[in-house]
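Here is the file start-v2.pdb (PDB, C-alpha atoms).
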ATOM      1  CA  MET A 282       1.074  14.007  14.234
ATOM      2  CA  ARG A 283       1.605  11.545  11.414
ATOM      3  CA  VAL A 284       4.191   8.786  11.806
ATOM      4  CA  THR A 285       6.988   8.523   9.270
ATOM      5  CA  THR A 286       6.498   6.300   6.259
ATOM      6  CA  ASP A 287       9.456   4.176   7.313
ATOM      7  CA  LEU A 288       7.838   3.442  10.693
ATOM      8  CA  TRP A 289       4.403   2.852   9.142
ATOM      9  CA  VAL A 290       5.771   0.334   6.608
ATOM     10  CA  SER A 291       7.754  -1.415   9.333
ATOM     11  CA  ALA A 292       4.615  -1.765  11.466
ATOM     12  CA  LEU A 293       2.627  -3.066   8.484
ATOM     13  CA  THR A 294       5.194  -5.751   7.657
ATOM     14  CA  ARG A 295       5.423  -6.882  11.291
ATOM     15  CA  ARG A 296       1.653  -7.132  11.510
ATOM     16  CA  ILE A 297       1.500  -9.200   8.333
ATOM     17  CA  PHE A 298       4.234 -11.582   9.501
ATOM     18  CA  SER A 299       2.516 -11.994  12.883
ATOM     19  CA  GLY A 300      -0.679 -13.018  11.040
ATOM     20  CA  GLY A 301       1.114 -15.739   9.091
ATOM     21  CA  GLY A 302       1.488 -13.704   5.917
ATOM     22  CA  PHE A 303       4.463 -12.489   3.921
ATOM     23  CA  ALA A 304       5.628  -8.959   3.168
ATOM     24  CA  ALA A 305       8.530  -7.519   1.232
ATOM     25  CA  VAL A 306       9.537  -3.924   0.654
ATOM     26  CA  MET A 307      10.138  -3.888  -3.093
ATOM     27  CA  ARG A 308      11.058  -0.210  -3.252
ATOM     28  CA  ARG A 309      12.046   2.216  -0.504
ATOM     29  CA  GLY A 310      11.109   5.820  -0.903
ATOM     30  CA  ALA A 311      11.487   8.861   1.292
ATOM     31  CA  ALA A 312      11.676   7.737   4.926
ATOM     32  CA  GLU A 313       9.736  10.689   6.290
ATOM     33  CA  ALA A 314       6.861  11.187   3.868
ATOM     34  CA  GLY A 315       7.039   8.827   0.897
ATOM     35  CA  THR A 316       3.829   7.672  -0.756
ATOM     36  CA  VAL A 317       2.999   3.993  -0.189
ATOM     37  CA  PHE A 318       1.623   1.556  -2.752
ATOM     38  CA  VAL A 319       0.696  -1.959  -1.637
ATOM     39  CA  LEU A 320       0.668  -4.846  -4.111
ATOM     40  CA  VAL A 321      -1.405  -7.711  -2.690
ATOM     41  CA  ARG A 322      -1.012 -11.229  -4.036
ATOM     42  CA  ASP A 323      -3.175 -14.031  -2.819
ATOM     43  CA  ARG A 324      -2.265 -17.706  -2.774
ATOM     44  CA  PHE A 325      -4.169 -18.293  -6.005
ATOM     45  CA  GLY A 326      -2.173 -15.734  -7.996
ATOM     46  CA  ALA A 327      -4.714 -12.902  -8.041
ATOM     47  CA  VAL A 328      -3.161  -9.434  -7.691
ATOM     48  CA  GLN A 329      -4.592  -6.182  -6.340
ATOM     49  CA  LEU A 330      -2.935  -2.780  -6.126
ATOM     50  CA  PHE A 331      -3.730  -0.245  -3.414
ATOM     51  CA  GLY A 332      -2.546   3.348  -3.541
ATOM     52  CA  PRO A 333      -3.119   6.539  -1.595
ATOM     53  CA  ALA A 334      -6.654   7.885  -1.557
ATOM     54  CA  PRO A 335      -7.277  11.374  -2.955
ATOM     55  CA  GLN A 336      -7.073  14.143  -0.355
ATOM     56  CA  ALA A 337     -10.828  14.738  -0.580
ATOM     57  CA  SER A 338     -11.403  11.242   0.871
ATOM     58  CA  TYR A 339      -9.762  11.987   4.220
ATOM     59  CA  ASP A 340     -11.808  12.380   7.372
ATOM     60  CA  THR A 341     -11.288  15.816   8.878
ATOM     61  CA  ALA A 342     -11.352  14.254  12.353
ATOM     62  CA  HIS A 343      -8.406  11.960  11.455
ATOM     63  CA  PRO A 344      -6.299  13.722   8.801
ATOM     64  CA  GLN A 345      -3.177  11.832   9.902
ATOM     65  CA  ASP A 346      -4.571   8.420   8.847
ATOM     66  CA  ARG A 347      -3.263   6.763   5.703
ATOM     67  CA  LEU A 348      -6.206   5.895   3.483
ATOM     68  CA  PHE A 349      -5.933   3.629   0.464
ATOM     69  CA  VAL A 350      -8.046   2.952  -2.606
ATOM     70  CA  ARG A 351      -8.007  -0.078  -4.860
ATOM     71  CA  ILE A 352      -6.361   0.809  -8.166
ATOM     72  CA  GLY A 353      -6.999  -0.994 -11.434
ATOM     73  CA  GLU A 354      -9.669  -3.391 -10.244
ATOM     74  CA  GLY A 355      -9.690  -6.580 -12.317
ATOM     75  CA  GLU A 356      -6.426  -5.817 -14.131
ATOM     76  CA  GLU A 357      -3.770  -8.463 -14.605
ATOM     77  CA  ALA A 358      -0.408  -8.397 -12.806
ATOM     78  CA  PRO A 359       1.593  -6.972 -15.775
ATOM     79  CA  ALA A 360      -0.804  -4.025 -16.114
ATOM     80  CA  LEU A 361      -0.567  -3.261 -12.388
ATOM     81  CA  GLU A 362       3.232  -3.500 -12.452
ATOM     82  CA  ALA A 363       3.279  -1.122 -15.441
ATOM     83  CA  ARG A 364       1.105   1.254 -13.416
ATOM     84  CA  LEU A 365       3.650   1.105 -10.579
ATOM     85  CA  ALA A 366       6.497   1.814 -13.014
ATOM     86  CA  LYS A 367       4.584   4.872 -14.237
ATOM     87  CA  GLU A 368       4.103   6.059 -10.641
ATOM     88  CA  GLN A 369       7.850   5.623 -10.004
ATOM     89  CA  ARG A 370       8.686   7.792 -13.011
ATOM     90  CA  PHE A 371       6.300  10.449 -11.712
ATOM     91  CA  ASP A 372       7.493  10.324  -8.078
ATOM     92  CA  SER A 373      10.852   8.785  -7.221
ATOM     93  CA  ASP A 374      10.055   8.773  -3.474
ATOM     94  CA  ILE A 375       7.320   6.120  -3.528
ATOM     95  CA  TRP A 376       7.358   2.957  -1.471
ATOM     96  CA  VAL A 377       6.170  -0.350  -2.924
ATOM     97  CA  VAL A 378       5.278  -3.080  -0.461
ATOM     98  CA  GLU A 379       4.234  -6.491  -1.753
ATOM     99  CA  ILE A 380       2.201  -8.605   0.618
ATOM    100  CA  GLU A 381       0.472 -11.926   0.947
ATOM    101  CA  ALA A 382      -1.939 -11.171   3.771
ATOM    102  CA  GLY A 383      -2.149 -14.599   5.396
ATOM    103  CA  SER A 384      -5.069 -14.966   7.806
ATOM    104  CA  ASP A 385      -5.876 -11.227   7.900
ATOM    105  CA  ALA A 386      -8.121  -9.540   5.356
ATOM    106  CA  VAL A 387      -6.500  -6.677   3.458
ATOM    107  CA  GLU A 388      -9.166  -4.330   4.812
ATOM    108  CA  ASP A 389      -8.003  -5.212   8.342
ATOM    109  CA  LEU A 390      -4.411  -4.269   7.472
ATOM    110  CA  LEU A 391      -5.051  -1.120   5.418
ATOM    111  CA  ALA A 392      -7.607   1.633   5.840
ATOM    112  CA  VAL A 393      -9.356   1.123   2.483
ATOM    113  CA  THR A 394     -11.932   3.626   1.299
ATOM    114  CA  THR A 395     -14.105   3.766  -1.795
ATOM    115  CA  LEU A 396     -14.448   6.825  -3.949
TER     116      LEU A 396
END
Let me see whether you can do it: turn the structure in this file into structure tokens.
Amino acid sequence: MRVTTDLWVSALTRRIFSGGGFAAVMRRGAAEAGTVFVLVRDRFGAVQLFGPAPQASYDTAHPQDRLFVRIGEGEEAPALEARLAKEQRFDSDIWVVEIEAGSDAVEDLLAVTTL
């Protein structure tokens, strides 16, 4: 059974705060099954965007896990924010969480996969 998006985002933000980082929910989507996008800013101003992995990337042994892929590698913040705006027009139920990870690596907070 997969946990609700609301609960998953809440757990993510608590974990980030407990690691000395910062998290803010910039946009709330559907509480039960909204898609989550994570905008990661580091202390030097670099920005990364993580979004849901394609369905083909999921492990059949753990289909309930939320997998993420890095989107727009090397793009500047305005381009990534424009990408998020496009996603919002496509799906009004998305969640956008902005984080500064603190002492934890992003890969320790999110299940990141490569395509």
Do a neighbour search on region 369-376 of chain A at 7 Å with all atoms listed in the file, toss out local chain neighbours closer than 3 positions, and write the hits as a PyMOL selection string.
chain A and resi 308-311+315-318+365-366
Nearest to Asp323 (chain A) among A:Ala382, A:Val350, A:Leu391, A:Val290, with distances taken over all atoms listed in the file: which residue is it?
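Once distances to Asp323 (chain A) are computed over all atoms listed in the file, the minimum belongs to A:Ala382.
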Quick one: distance from CA of Val377 (chain A) to CA of Arg322 (chain A) in Å, one decimal?
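That distance, rounded to one decimal, is 13.1 Å.
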Distance of CA of Ala292 (chain A) from CA of Arg351 (chain A), expressed in Å to one decimal place
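Straight-line distance from CA of Arg351 (chain A) to CA of Ala292 (chain A) works out to 20.7 Å.
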Mind telling me what the PyMOL selection byres ((chain A and resi 334) around 6) catches here, as a PyMOL selection string?
chain A and resi 333+335+348-350
What does the PyMOL selection byres ((chain A and resi 330) around 9) select in this file, as an NGL selection string?
:A and (318-322 or 328-329 or 331-332 or 350-354 or 361-362 or 365)
